[in-house]
Amino acid sequence: VNKPNPVHVAVTGGAGQVGYALLFRIASGQVFGPDVPIVLRLLEVTPALKALEGVAMELSDGAFPALTDVVLTDKPAEAFDGASWALLLGASPRKDGMERGDLLAANGALFGPQGQAIGQHAASDIRTIVVGNPCNTNAMIAAANAPDVPADRWFAMTRLDENRAKSQLAAKSGTPVGEVSNLAIWGNHSATQYPDFANARIGGRPVPEVITDDAWLNGEFISSVQKRGAAIIAARGLSSAASAANAVIDNVRSLNAGTPAGDWTSVGVQSRGEYGVPEGLFFSYPVVAKSDGTWTVQEGLQHDERAADRLRVTIAELEEERAAVRHLLG
Ligand code: NAD
Ligand code: LMR
């Protein structure tokens, strides 16, 4: 019997919170399927290697049939060697009272060298999802430092925002969350993002037909999704981890298996000017993915004046972030 070749999955920040909630689910086959062998390639900073060894001991104790090897390293070249996926979690999280953009000074510089190492060492089919915040602009930095990797292989994670928005709409309408579809997060993974209820559907019907409380949709709904990360930090004293890992899994699965017919998913991708967004910004759009790994931005969605204003605000924030990291863009 021919066994498939293992998928090499590089994860940075493997000893961190999100990593701890993610790695066991990848090893269990929930992402690539129970019969696809996996090699985990875990990158950490040198002082965290001991903790990473502990994580590897627990991975071993999981006796996961699909997990064929675990590589632990503090060298990006080794971590990304032959990787088909790079999940970039390794970066500081924000604390209570901070915005995610406040992390740019501390985290932005990590992503240039990692982008370079991905460009030089990863497999030719590499796809990278940046989770470390501020993830849109960090993804831009990584991609700019790997000019030979096609632009459509870089992603910034806004799936957690999509999932949050779907749960809110399900709860408000008293509908199972699986009935909520076509939910796009537009823009930055930040307090300026626009969770687009107007183009979303519940049981196939436009959300504003099902939830007629416009004040709630345009008010509490949007702001609760925008500020959910901060609310988790205020409640837990730490930023979201299990829900973030869950979103990484959803994100990889959507990009790998494709989005369901008629639906889309939210993910930050490099703008080619779609919907008037300046080229080159990493902007979360409704993305239709196919199982061959290709994807397109869904065209033709309408925005009313209020939504258009919100898009302008999140674009302006991303432009400011880009200006702040010009020196890191290679
Ligand atoms: P954490 O502090 O628990 O873990 C981060 C880990 O990254 C640490 O173990 C640290 O040693 C490691 N690290 C730091 N620099 C590194 C480098 N250069 N190379 C490799 N590893 C490095 O943080 P966390 O709670 O796991 O969060 C990780 C990041 O993910 C944060 O930036 C957080 O804001 C972000 N996040 C994003 C989303 C999202 O929806 N996009 C959701 C949750 C968390
Ligand atoms: C989240 O959305 O929960 C993460 O980006 C962490 C944060 O800082 O909010």
# chains A, B, ... in the order shown; residues from 1 in each chain; ligands from 1
>>> residues_near_ligand(ligand="ligand 2", cutoff="10 Å", atoms="only C-alpha atoms and all ligand atoms", output="ChimeraX atom specification")
/A:18,92-103,131-135,157-161,164,189-191,225-233,238-244
>>> select_by_dssp(residues="range 80-183 of chain A", states="strand (DSSP E or B)", output="list in words")
Trp85, Ala86, Leu87, Leu88, Arg127, Thr128, Ile129, Val130, Trp154, Phe155, Ala156, Val180 and Ser181 of chain A
>>> write_last_selection(atoms="N, CA and C atoms", output="compact mmCIF listing (two decimals), in the first residue's frame")
# COMPACT_ATOMS: atom_id res chain seq x y z
N TRP A 85 2.69 24.24 4.67
CA TRP A 85 1.90 25.24 5.40
C TRP A 85 2.80 25.89 6.43
N ALA A 86 2.66 27.19 6.60
CA ALA A 86 3.34 27.91 7.68
C ALA A 86 2.26 28.67 8.45
N LEU A 87 2.13 28.36 9.70
CA LEU A 87 1.12 29.00 10.56
C LEU A 87 1.88 29.87 11.55
N LEU A 88 1.84 31.17 11.32
CA LEU A 88 2.71 32.08 12.08
C LEU A 88 1.97 32.66 13.28
N ARG A 127 1.77 27.59 1.68
CA ARG A 127 0.75 28.61 1.98
C ARG A 127 0.96 29.05 3.43
N THR A 128 0.92 30.34 3.67
CA THR A 128 1.24 30.90 4.99
C THR A 128 0.03 31.65 5.53
N ILE A 129 -0.31 31.36 6.76
CA ILE A 129 -1.36 32.13 7.44
C ILE A 129 -0.73 32.87 8.61
N VAL A 130 -0.85 34.18 8.63
CA VAL A 130 -0.31 34.96 9.74
C VAL A 130 -1.41 35.19 10.76
N TRP A 154 -0.35 33.98 0.64
CA TRP A 154 -0.19 34.63 1.96
C TRP A 154 -1.55 35.05 2.48
N PHE A 155 -1.80 34.78 3.74
CA PHE A 155 -3.12 35.05 4.32
C PHE A 155 -2.95 35.64 5.73
N ALA A 156 -3.90 36.48 6.10
CA ALA A 156 -3.96 36.99 7.48
C ALA A 156 -5.30 36.54 8.07
N VAL A 180 -26.06 30.16 9.51
CA VAL A 180 -25.55 31.49 9.13
C VAL A 180 -24.43 31.31 8.10
N SER A 181 -24.57 31.94 6.97
CA SER A 181 -23.58 31.78 5.89
C SER A 181 -23.22 33.14 5.30
>>> closest_atom_pairs(of="range 132-196 of chain A", to="range 302-312 of chain A", cutoff="12 Å", atoms="only C-alpha atoms", output="CSV")
residue,atom,partner,partner_atom,distance
A:Ala184,CA,A:His303,CA,12.0
A:Ile185,CA,A:Leu311,CA,10.4
A:Trp186,CA,A:Leu311,CA,7.1
A:Gly187,CA,A:Leu311,CA,6.9
A:Asn188,CA,A:Leu311,CA,9.6
A:Ala191,CA,A:Arg310,CA,10.9
A:Thr192,CA,A:Arg310,CA,7.4
A:Gln193,CA,A:Arg310,CA,7.7
A:Tyr194,CA,A:Arg310,CA,6.3
A:Pro195,CA,A:Ala307,CA,9.5
A:Asp196,CA,A:Ala307,CA,7.9
>>> atom_distance(atom1="CA of Ala79 in chain A", atom2="CA of Leu43 in chain A")
5.7 Å
>>> closest_residue(among="A:Lys166, A:Val149, A:Trp264, A:Gly237", to="Phe221 in chain A", atoms="only C-alpha atoms")
A:Lys166
>>> select_by_dssp(residues="range 41-238 of chain A", states="helix (DSSP H, G or I)", output="PyMOL selection string")
chain A and resi 46-61+76-79+100-121+135-144+151-153+159-173+177-179+207-210+214-226+228-236
>>> closest_residue(among="A:Ile141, A:Arg236, A:Asn136, A:Asp213", to="Gly268 in chain A", atoms="only C-alpha atoms")
A:Asn136
>>> atom_distance(atom1="CA of Glu321 in chain A", atom2="CA of Ala139 in chain A")
11.8 Å
>>> residues_around(residues="Thr259 in chain A", least_positions_apart="2", cutoff="7 Å", atoms="only C-alpha atoms", output="list of chain:residue names")
A:Ser254, A:Ala257, A:Ala261, A:Asp263, A:Trp264, A:Thr265, A:Val288, A:Ala289, A:Lys290
